[in-house]
>>> print(open('input_19.cif').read())   # mmCIF, C-alpha atoms
data_query
loop_
_atom_site.label_atom_id
_atom_site.label_comp_id
_atom_site.auth_asym_id
_atom_site.auth_seq_id
_atom_site.Cartn_x
_atom_site.Cartn_y
_atom_site.Cartn_z
CA MET V 1317 90.85 32.48 -48.37
CA GLY V 1318 92.94 30.21 -46.23
CA GLU V 1319 93.12 26.99 -44.27
CA ILE V 1320 93.99 26.22 -40.67
CA VAL V 1321 97.66 25.35 -40.45
CA GLU V 1322 98.20 24.73 -36.76
CA ALA V 1323 96.28 23.62 -33.72
CA THR V 1324 93.71 26.15 -32.59
CA ARG V 1325 93.94 27.84 -29.24
CA ASN V 1326 91.08 28.52 -26.88
CA ILE V 1327 91.01 31.71 -24.83
CA PHE V 1328 88.88 31.35 -21.71
CA ILE V 1329 87.75 34.76 -20.45
CA ASP V 1330 86.03 35.74 -17.22
CA THR V 1331 85.55 39.53 -17.13
CA GLU V 1332 84.84 39.76 -13.40
CA GLN V 1333 88.15 41.45 -12.54
CA TYR V 1334 88.92 43.23 -15.80
CA HIS V 1335 86.50 46.14 -16.16
CA THR V 1336 89.00 48.98 -16.52
CA SER V 1337 86.49 51.78 -17.10
CA ARG V 1338 82.85 51.00 -16.32
CA ASP V 1339 81.80 48.58 -19.07
CA LEU V 1340 85.19 48.40 -20.87
CA VAL V 1341 87.03 45.07 -20.53
CA ASN V 1342 90.71 45.04 -21.51
CA ILE V 1343 92.29 41.60 -22.08
CA LEU V 1344 96.10 41.49 -22.44
CA LEU V 1345 97.66 38.65 -24.45
CA PRO V 1346 101.22 37.27 -24.42
CA ASN V 1347 103.33 39.13 -26.99
CA ASP V 1348 104.30 36.20 -29.23
CA ALA V 1349 101.55 33.70 -28.51
CA PHE V 1350 99.08 35.18 -30.97
CA SER V 1351 101.05 36.06 -34.07
CA VAL V 1352 101.40 34.68 -37.60
CA SER V 1353 103.98 34.78 -40.39
CA LYS V 1354 103.92 36.79 -43.61
CA ASN V 1355 101.67 34.44 -45.61
CA GLN V 1356 99.28 33.74 -42.76
CA SER V 1357 96.32 35.48 -41.19
CA GLN V 1358 94.43 35.20 -37.90
CA ARG V 1359 90.82 34.49 -37.11
CA ILE V 1360 88.95 34.95 -33.82
CA VAL V 1361 85.74 32.97 -33.29
CA LEU V 1362 83.24 33.33 -30.45
CA GLU V 1363 82.67 29.77 -29.27
CA GLN V 1364 80.64 30.36 -26.10
CA PHE V 1365 79.16 33.26 -24.16
CA GLU V 1366 77.43 33.21 -20.80
CA ALA V 1367 76.17 35.91 -18.45
CA GLN V 1368 73.79 36.12 -15.54
CA LYS V 1369 71.03 38.65 -16.14
CA LYS V 1370 71.91 41.18 -13.46
CA PHE V 1371 70.45 44.27 -15.09
CA TYR V 1372 66.87 45.50 -15.02
CA ASN V 1373 64.41 45.42 -17.90
CA ILE V 1374 63.14 48.83 -16.78
CA ASN V 1375 66.16 51.10 -16.41
CA LEU V 1376 67.35 54.65 -17.03
CA ASN V 1377 67.43 54.05 -20.81
CA ASN V 1378 63.70 53.32 -21.05
CA ASN V 1379 61.86 54.54 -17.94
CA LYS V 1380 61.25 58.26 -18.59
CA PHE V 1381 58.39 60.03 -20.34
CA TYR V 1382 56.86 63.47 -19.95
CA ALA V 1383 53.61 65.25 -19.28
CA LEU V 1384 53.53 68.46 -21.31
CA ASP V 1385 51.39 71.53 -20.76
CA SER V 1386 51.56 72.99 -24.25
CA SER V 1387 50.09 76.31 -23.12
CA THR V 1388 53.11 76.96 -20.91
CA SER V 1389 55.66 74.63 -22.64
CA VAL V 1390 56.42 73.09 -19.25
CA TYR V 1391 57.54 69.45 -19.16
CA THR V 1392 57.08 67.22 -16.11
CA GLU V 1393 59.37 64.20 -16.05
CA ILE V 1394 57.72 60.91 -15.11
CA VAL V 1395 60.13 58.17 -14.00
CA ILE V 1396 58.89 54.58 -13.85
CA PRO V 1397 60.67 52.85 -10.94
CA GLU V 1398 63.51 50.63 -12.16
CA GLY V 1399 63.17 46.88 -11.88
CA ASP V 1400 61.84 43.74 -13.55
CA TYR V 1401 58.08 43.51 -13.86
CA PHE V 1402 56.67 40.05 -14.51
CA ARG V 1403 53.17 41.20 -15.41
CA PHE V 1404 51.27 44.22 -16.65
CA GLY V 1405 48.33 43.75 -14.29
CA THR V 1406 44.87 44.71 -15.47
CA ASN V 1407 45.07 47.96 -13.47
CA ASN V 1408 47.28 49.86 -11.06
CA SER V 1409 45.72 48.20 -7.99
CA ILE V 1410 47.55 44.94 -8.80
CA PRO V 1411 50.64 44.78 -6.53
CA ASN V 1412 54.07 44.69 -8.21
CA SER V 1413 52.53 45.15 -11.67
CA PHE V 1414 53.75 47.42 -14.46
CA CYS V 1415 50.48 49.38 -14.28
CA GLU V 1416 51.18 50.06 -10.61
CA ALA V 1417 54.74 51.15 -11.45
CA ILE V 1418 53.53 53.65 -14.06
CA HIS V 1419 50.95 54.99 -11.60
CA THR V 1420 53.64 55.32 -8.91
CA GLY V 1421 55.94 57.20 -11.28
CA MET V 1422 53.16 59.63 -12.17
CA GLY V 1423 52.38 60.24 -8.51
CA ASN V 1424 56.04 60.79 -7.70
CA ALA V 1425 56.15 63.37 -10.51
CA GLY V 1426 53.54 65.44 -8.71
CA ILE V 1427 50.44 64.47 -10.68
CA THR V 1428 47.58 64.57 -8.17
CA GLY V 1429 43.94 63.68 -8.04
CA SER V 1430 42.21 60.46 -9.03
CA PHE V 1431 43.76 58.92 -12.13
CA SER V 1432 44.27 55.30 -13.17
CA VAL V 1433 46.43 53.08 -15.38
CA SER V 1434 44.99 49.90 -16.92
CA TYR V 1435 46.01 47.18 -19.38
CA ASN V 1436 43.85 45.27 -21.84
CA VAL V 1437 45.06 41.67 -22.19
CA ASN V 1438 43.36 41.32 -25.60
CA THR V 1439 44.67 44.46 -27.33
CA ARG V 1440 47.82 44.50 -25.13
CA LYS V 1441 47.48 48.27 -24.82
CA LEU V 1442 47.73 50.58 -21.82
CA SER V 1443 45.21 53.27 -20.93
CA LEU V 1444 45.79 56.29 -18.69
CA ASP V 1445 42.48 57.69 -17.47
CA MET V 1446 43.17 61.25 -16.32
CA SER V 1447 39.52 62.24 -15.80
CA GLY V 1448 39.98 62.60 -12.06
CA ALA V 1449 43.46 64.10 -12.14
CA THR V 1450 44.15 67.71 -11.26
CA GLY V 1451 44.51 69.86 -14.38
CA ASN V 1452 42.80 70.24 -17.73
CA TRP V 1453 43.64 66.86 -19.22
CA ASP V 1454 40.66 66.91 -21.56
CA THR V 1455 42.07 69.90 -23.48
CA THR V 1456 44.57 69.76 -26.33
CA ASP V 1457 47.13 71.52 -24.13
CA SER V 1458 47.81 68.51 -21.90
CA VAL V 1459 49.61 65.60 -23.61
CA PHE V 1460 52.28 62.98 -22.96
CA ILE V 1461 55.62 62.97 -24.81
CA ALA V 1462 58.42 60.35 -25.02
CA PHE V 1463 61.73 61.58 -26.46
CA GLN V 1464 64.09 59.41 -28.47
CA ILE V 1465 66.50 61.99 -29.85
CA PRO V 1466 70.07 60.64 -30.29
CA ASN V 1467 73.07 62.80 -29.46
CA SER V 1468 73.71 63.67 -33.10
CA ARG V 1469 70.33 65.42 -33.34
CA GLN V 1470 70.44 67.18 -29.98
CA THR V 1471 71.01 70.93 -29.94
CA LEU V 1472 68.94 72.41 -27.12
CA ARG V 1473 67.37 70.12 -24.52
CA PRO V 1474 64.16 71.56 -23.02
CA ALA V 1475 63.99 72.57 -19.37
CA ASN V 1476 63.05 69.75 -16.98
CA VAL V 1477 64.09 67.11 -19.55
CA SER V 1478 67.02 64.98 -18.37
CA GLN V 1479 69.84 63.76 -20.60
CA SER V 1480 68.80 60.11 -20.28
CA GLY V 1481 65.16 61.09 -20.81
CA TYR V 1482 65.99 62.89 -24.05
CA PHE V 1483 67.26 59.67 -25.66
CA ASN V 1484 64.96 57.07 -24.14
CA ASP V 1485 63.06 53.95 -25.19
CA SER V 1486 60.00 54.41 -22.96
CA TYR V 1487 57.72 54.63 -26.00
CA GLU V 1488 58.44 50.94 -26.68
CA LEU V 1489 57.31 49.97 -23.18
CA LEU V 1490 54.21 52.16 -23.38
CA GLY V 1491 53.20 51.22 -26.92
CA GLY V 1492 53.41 54.84 -28.01
CA LYS V 1493 54.92 57.07 -30.67
CA PRO V 1494 58.34 58.65 -30.03
CA THR V 1495 59.46 62.21 -30.63
CA LYS V 1496 62.67 61.77 -32.66
CA TYR V 1497 63.36 65.34 -33.74
CA GLU V 1498 63.58 68.57 -31.76
CA ASN V 1499 60.75 71.07 -32.15
CA ASN V 1500 58.54 68.37 -33.66
CA ASN V 1501 56.66 66.85 -30.72
CA VAL V 1502 54.59 63.74 -31.39
CA ASP V 1503 51.82 62.69 -29.00
CA LEU V 1504 52.88 59.55 -27.17
CA PHE V 1505 49.31 58.22 -26.86
CA SER V 1506 46.09 58.50 -28.78
CA LYS V 1507 43.71 60.79 -26.92
CA ASN V 1508 39.96 60.62 -26.40
CA GLY V 1509 38.96 63.41 -24.05
CA ASP V 1510 41.05 62.83 -20.95
CA VAL V 1511 41.77 59.14 -21.64
CA PHE V 1512 45.14 58.32 -23.21
CA THR V 1513 45.64 54.92 -24.90
CA SER V 1514 48.61 53.13 -26.47
CA PHE V 1515 48.84 53.17 -30.24
CA TYR V 1516 50.58 49.79 -30.24
CA PRO V 1517 51.02 46.77 -27.94
CA ALA V 1518 52.95 47.61 -24.79
CA SER V 1519 56.01 45.70 -23.58
CA LEU V 1520 57.78 44.80 -20.34
CA PHE V 1521 61.29 45.15 -21.79
CA THR V 1522 63.19 46.87 -24.60
CA ILE V 1523 66.50 44.96 -24.64
CA GLU V 1524 66.05 41.86 -26.81
CA SER V 1525 69.78 41.12 -27.12
CA LEU V 1526 73.23 42.02 -25.87
CA HIS V 1527 75.74 43.29 -28.41
CA LEU V 1528 79.38 42.41 -27.85
CA SER V 1529 81.67 45.01 -29.42
CA VAL V 1530 85.44 44.79 -29.81
CA ASP V 1531 88.18 47.25 -30.79
CA LEU V 1532 89.57 44.88 -33.47
CA GLN V 1533 88.85 45.33 -37.17
CA THR V 1534 85.72 43.22 -37.61
CA GLN V 1535 84.78 43.64 -41.32
CA ASN V 1536 81.19 43.61 -40.04
CA TYR V 1537 78.45 46.00 -41.09
CA GLN V 1538 75.23 47.14 -39.45
CA THR V 1539 72.12 49.03 -40.38
CA PRO V 1540 72.27 52.58 -39.02
CA SER V 1541 69.19 51.93 -36.87
CA LEU V 1542 71.61 50.24 -34.49
CA ASP V 1543 73.81 53.35 -34.37
CA ALA V 1544 72.66 56.08 -32.04
CA ASP V 1545 74.36 58.80 -34.09
CA SER V 1546 73.23 57.82 -37.59
CA THR V 1547 70.14 58.72 -39.59
CA ALA V 1548 71.22 57.34 -42.99
CA SER V 1549 69.93 54.10 -44.50
CA ARG V 1550 73.20 52.77 -45.91
CA ALA V 1551 74.84 49.89 -44.03
CA ILE V 1552 77.94 51.11 -42.21
CA PRO V 1553 81.04 49.46 -40.67
CA THR V 1554 80.61 48.42 -37.06
CA GLN V 1555 82.66 47.22 -34.10
CA ILE V 1556 79.91 44.77 -33.16
CA PHE V 1557 81.43 41.30 -32.88
CA ALA V 1558 78.37 39.32 -31.80
CA ARG V 1559 74.68 39.66 -31.03
CA ILE V 1560 73.56 37.49 -28.11
CA PRO V 1561 69.75 37.04 -28.04
CA ILE V 1562 67.89 37.14 -24.73
CA ASP V 1563 65.14 34.56 -24.48
CA MET V 1564 62.37 36.41 -22.66
CA GLY V 1565 60.01 33.45 -22.80
CA ASN V 1566 56.29 33.78 -23.45
CA LEU V 1567 53.75 36.51 -22.78
CA LEU V 1568 50.67 34.78 -21.38
CA ASN V 1569 47.71 36.72 -19.99
CA GLY V 1570 49.86 39.81 -19.55
CA GLN V 1571 52.67 38.00 -17.70
CA HIS V 1572 56.21 37.34 -18.97
CA ASP V 1573 58.79 34.74 -18.09
CA GLN V 1574 62.11 36.15 -16.97
CA PRO V 1575 65.55 34.79 -17.97
CA THR V 1576 68.30 34.11 -15.46
CA ILE V 1577 71.15 33.08 -17.81
CA ILE V 1578 71.96 34.65 -21.18
CA SER V 1579 74.01 32.27 -23.31
CA PHE V 1580 75.26 31.47 -26.79
CA THR V 1581 77.09 28.38 -28.12
CA ASP V 1582 78.48 28.16 -31.63
CA THR V 1583 77.57 24.87 -33.33
CA GLY V 1584 80.49 24.91 -35.76
CA ALA V 1585 79.10 27.47 -38.19
CA LYS V 1586 81.43 30.20 -36.89
CA VAL V 1587 78.54 32.65 -36.86
CA PHE V 1588 80.55 35.30 -35.05
CA SER V 1589 84.14 35.49 -36.29
CA ILE V 1590 86.75 38.10 -37.18
CA LEU V 1591 89.41 37.70 -39.87
CA LEU V 1592 92.29 39.92 -38.77
CA GLN V 1593 94.60 41.78 -41.15
CA ASN V 1594 97.35 42.44 -38.60
CA LYS V 1595 99.94 39.75 -37.92
CA GLN V 1596 99.97 40.04 -34.14
CA ILE V 1597 97.52 40.90 -31.39
CA ASP V 1598 98.50 41.68 -27.82
CA ASN V 1599 95.24 42.95 -26.40
CA MET V 1600 91.48 43.02 -27.02
CA ARG V 1601 88.92 45.42 -25.59
CA PHE V 1602 85.28 44.43 -25.23
CA ARG V 1603 82.06 46.22 -24.32
CA LEU V 1604 78.51 44.99 -23.81
CA ILE V 1605 76.03 47.45 -25.31
CA ASP V 1606 72.39 47.61 -26.33
CA ALA V 1607 71.12 47.88 -29.90
CA LYS V 1608 71.55 51.66 -29.88
CA GLY V 1609 75.16 51.63 -28.71
CA ARG V 1610 74.51 52.45 -25.04
CA GLU V 1611 76.09 50.60 -22.14
CA ILE V 1612 73.89 48.25 -20.14
CA PRO V 1613 72.82 50.38 -17.13
CA GLU V 1614 74.09 49.48 -13.69
CA VAL V 1615 71.57 48.64 -10.99
CA SER V 1616 73.78 50.49 -8.49
CA ALA V 1617 76.96 52.50 -8.89
CA GLY V 1618 80.09 50.36 -9.07
CA GLN V 1619 78.38 47.25 -10.43
CA TYR V 1620 80.83 46.98 -13.34
CA SER V 1621 83.97 47.58 -11.28
CA ASN V 1622 82.78 45.15 -8.61
CA GLY V 1623 82.37 42.40 -11.20
CA ALA V 1624 78.61 42.16 -10.71
CA LEU V 1625 77.93 42.76 -14.43
CA SER V 1626 80.55 40.32 -15.69
CA TYR V 1627 80.34 37.63 -18.33
CA LYS V 1628 82.26 34.58 -19.43
CA MET V 1629 83.20 33.56 -22.95
CA VAL V 1630 85.41 31.21 -24.91
CA LEU V 1631 87.23 32.58 -27.95
CA ARG V 1632 89.02 30.37 -30.46
CA TRP V 1633 92.15 31.67 -32.16
CA GLU V 1634 93.07 30.19 -35.53
CA ALA V 1635 96.06 30.70 -37.82
CA LEU V 1636 95.18 30.55 -41.53
CA GLN V 1637 97.56 29.94 -44.41
CA ASP V 1638 96.90 32.33 -47.30
CA LEU V 1639 96.46 30.32 -50.47
CA GLU V 1640 98.61 31.64 -53.32
CA LYS V 1641 96.89 32.24 -56.64
CA GLY V 1642 98.71 31.67 -59.97
CA ILE V 1643 98.17 30.96 -63.67
CA PRO V 1644 97.84 27.22 -64.30
CA MET V 1645 100.46 26.01 -66.81
CA LEU V 1646 99.76 23.49 -69.57
CA PRO V 1647 102.15 20.63 -70.21
CA VAL V 1648 105.24 21.53 -72.31
CA LYS V 1649 107.27 19.49 -74.78
CA ASP V 1650 110.46 19.86 -72.84
CA ASP V 1651 111.62 21.33 -69.51
CA THR V 1652 112.81 24.69 -70.86
CA ILE V 1653 110.69 25.92 -73.79
CA PRO V 1654 106.99 26.79 -73.19
CA ASN V 1655 104.57 25.80 -75.89
CA PHE V 1656 102.94 28.40 -78.13
CA TYR V 1657 99.80 28.73 -75.97
CA GLN V 1658 101.68 29.23 -72.70
CA LYS V 1659 104.07 31.80 -74.15
CA ASN V 1660 101.38 33.97 -75.73
CA LYS V 1661 99.00 33.63 -72.77
CA PHE V 1662 101.71 34.96 -70.45
CA LEU V 1663 102.40 37.85 -72.88
CA GLY V 1664 98.69 38.74 -73.00
CA LYS V 1665 98.28 37.87 -76.68
CA LEU V 1666 95.60 35.25 -76.02
#
>>> encode(input="input_19.cif", output="structure tokens")
Amino acid sequence: MGEIVEATRNIFIDTEQYHTSRDLVNILLPNDAFSVSKNQSQRIVLEQFEAQKKFYNINLNNNKFYALDSSTSVYTEIVIPEGDYFRFGTNNSIPNSFCEAIHTGMGNAGITGSFSVSYNVNTRKLSLDMSGATGNWDTTDSVFIAFQIPNSRQTLRPANVSQSGYFNDSYELLGGKPTKYENNNVDLFSKNGDVFTSFYPASLFTIESLHLSVDLQTQNYQTPSLDADSTASRAIPTQIFARIPIDMGNLLNGQHDQPTIISFTDTGAKVFSILLQNKQIDNMRFRLIDAKGREIPEVSAGQYSNGALSYKMVLRWEALQDLEKGIPMLPVKDDTIPNFYQKNKFLGKL
């Protein structure tokens, strides 16, 4: 425990020019400006955060699923075009809709014939009608698969399955079931003949928040579901400093609002703070990641280095005085001789 002993300092950060390696931001601090004495400690508090939303809701981390011919064990990768989709659309004939994007991705993958993608605004589920598509879609051999296998569980990636497609969140968009373990495929959709339907409500995004991580000792913990390489249930230490929610607005009749600014302001509760053990800091390194520890994908190469995925934040530095703990002493008869209680309490006899 401690108390603030000197005026706090604000650190105003704009990361536009300081991405040293893709999403890594390295902030150098004056050598002696952020240091404390022996009986003091330091605290860093996130006061404000602000970023323009310049990444896509549909990106390489969530836009790949697969058609599988089980009789030949051949996977066909389907890539939904990247971008922000404001509405599902009731079917793939609706321009700029998510249904149209799925249909386009399937066509680009080489699936031919007459097939359709539709969305039910009441159940919020997608349906892929493959009755007119080329192939035997009404047999048990033809299914759809969505992989979400983290690096720690990857041993042998199947042919035609990309690295980003092997650990992907497309099942969340499609309202399906993921395949999380190798050699244990799970059907993405429920199947009725040659019609494939979502198990669960579909979505237009999978990133609900930005996670700000830092290379300082945070004393924070996280559930392993946020760690791409963990399968245990025990809470584990984390470098996550703050979780910045993204307000995606309301889903109304299959159409979503879209945010333009992602922001957080501390109201005095010091929700996101770090109590440092070291007596001096001369640099801090930050990354913006998703809930599974992956960097936020660039729209085009060089977006980080060009400052087009930057953010602004205000950190508050505080010096805390460590409060000394001691044994309270009772009054004595004179200035030199402790009373009976004090003497024996100190010697451990009471």
>>> closest_residue(input="input_19.cif", among="V:Ser1337, V:Asn1484, V:Gln1619, V:Thr1534", to="Asn1594 in chain V", atoms="all atoms listed in the file")
V:Thr1534
>>> resolve_selection(input="input_19.cif", expression="the PyMOL selection byres ((chain V and resi 1423) around 12)", output="count of residues only")
27
>>> atom_distance(input="input_19.cif", atom1="CA of Arg1603 in chain V", atom2="CA of His1527 in chain V")
8.1 Å
>>> residues_around(input="input_19.cif", residues="Leu1526 in chain V", least_positions_apart="6", cutoff="8 Å", atoms="all atoms listed in the file", output="mmCIF file with C-alpha atoms, in the coordinates of the input")
data_model
loop_
_atom_site.group_PDB
_atom_site.id
_atom_site.type_symbol
_atom_site.label_atom_id
_atom_site.label_comp_id
_atom_site.auth_asym_id
_atom_site.auth_seq_id
_atom_site.Cartn_x
_atom_site.Cartn_y
_atom_site.Cartn_z
ATOM 1 C CA ARG V 1559 74.680 39.660 -31.030
ATOM 2 C CA ILE V 1560 73.560 37.490 -28.110
ATOM 3 C CA PRO V 1561 69.750 37.040 -28.040
ATOM 4 C CA ILE V 1562 67.890 37.140 -24.730
ATOM 5 C CA LEU V 1604 78.510 44.990 -23.810
ATOM 6 C CA ILE V 1605 76.030 47.450 -25.310
ATOM 7 C CA ASP V 1606 72.390 47.610 -26.330
ATOM 8 C CA ALA V 1607 71.120 47.880 -29.900
#
>>> residues_around(input="input_19.cif", residues="Pro1553 in chain V", least_positions_apart="5", cutoff="9 Å", atoms="all atoms listed in the file", output="list in words")
Thr1534, Gln1535, Asn1536, Tyr1537, Gln1538 and Thr1539 of chain V
>>> resolve_selection(input="input_19.cif", expression="the PyMOL selection byres ((chain V and resi 1504) around 10)", output="PyMOL selection string")
chain V and resi 1381-1383+1459-1463+1486-1487+1490-1495+1501-1503+1505-1507+1512-1515
>>> closest_residue(input="input_19.cif", among="V:Phe1404, V:Phe1371, V:Tyr1497, V:Trp1633", to="Val1352 in chain V", atoms="only C-alpha atoms")
V:Trp1633
>>> axis_aligned_box(input="input_19.cif", around="range 1369-1374 of chain V", padding_each_side="8 Å", output="JSON")
{"center_x": 67.5, "center_y": 43.7, "center_z": -15.7, "size_x": 24.8, "size_y": 26.2, "size_z": 20.4}
>>> resolve_selection(input="input_19.cif", expression="the PyMOL selection byres ((chain V and resi 1323-1335) around 9)", output="list of chain:residue names")
V:Ile1320, V:Val1321, V:Glu1322, V:Thr1336, V:Ser1337, V:Arg1338, V:Asp1339, V:Leu1340, V:Val1341, V:Asn1342, V:Ile1343, V:Glu1363, V:Tyr1620, V:Ser1621, V:Asn1622, V:Gly1623, V:Ala1624, V:Leu1625, V:Ser1626, V:Tyr1627, V:Lys1628, V:Met1629, V:Val1630, V:Leu1631, V:Arg1632, V:Trp1633, V:Glu1634, V:Ala1635
>>> atom_distance(input="input_19.cif", atom1="CA of Gln1356 in chain V", atom2="CA of Leu1532 in chain V")
17.5 Å
>>> atom_distance(input="input_19.cif", atom1="CA of Glu1524 in chain V", atom2="CA of Ala1585 in chain V")
22.5 Å
>>> closest_residue(input="input_19.cif", among="V:Pro1411, V:Thr1456, V:Pro1346, V:Lys1354", to="Asp1385 in chain V", atoms="all atoms listed in the file")
V:Thr1456
>>> closest_residue(input="input_19.cif", among="V:Leu1362, V:Val1390, V:Leu1344, V:Leu1376", to="Ile1597 in chain V", atoms="all atoms listed in the file")
V:Leu1344
>>> closest_residue(input="input_19.cif", among="V:Asn1476, V:Asn1412, V:Ser1387, V:Thr1439", to="Ser1458 in chain V", atoms="only C-alpha atoms")
V:Ser1387
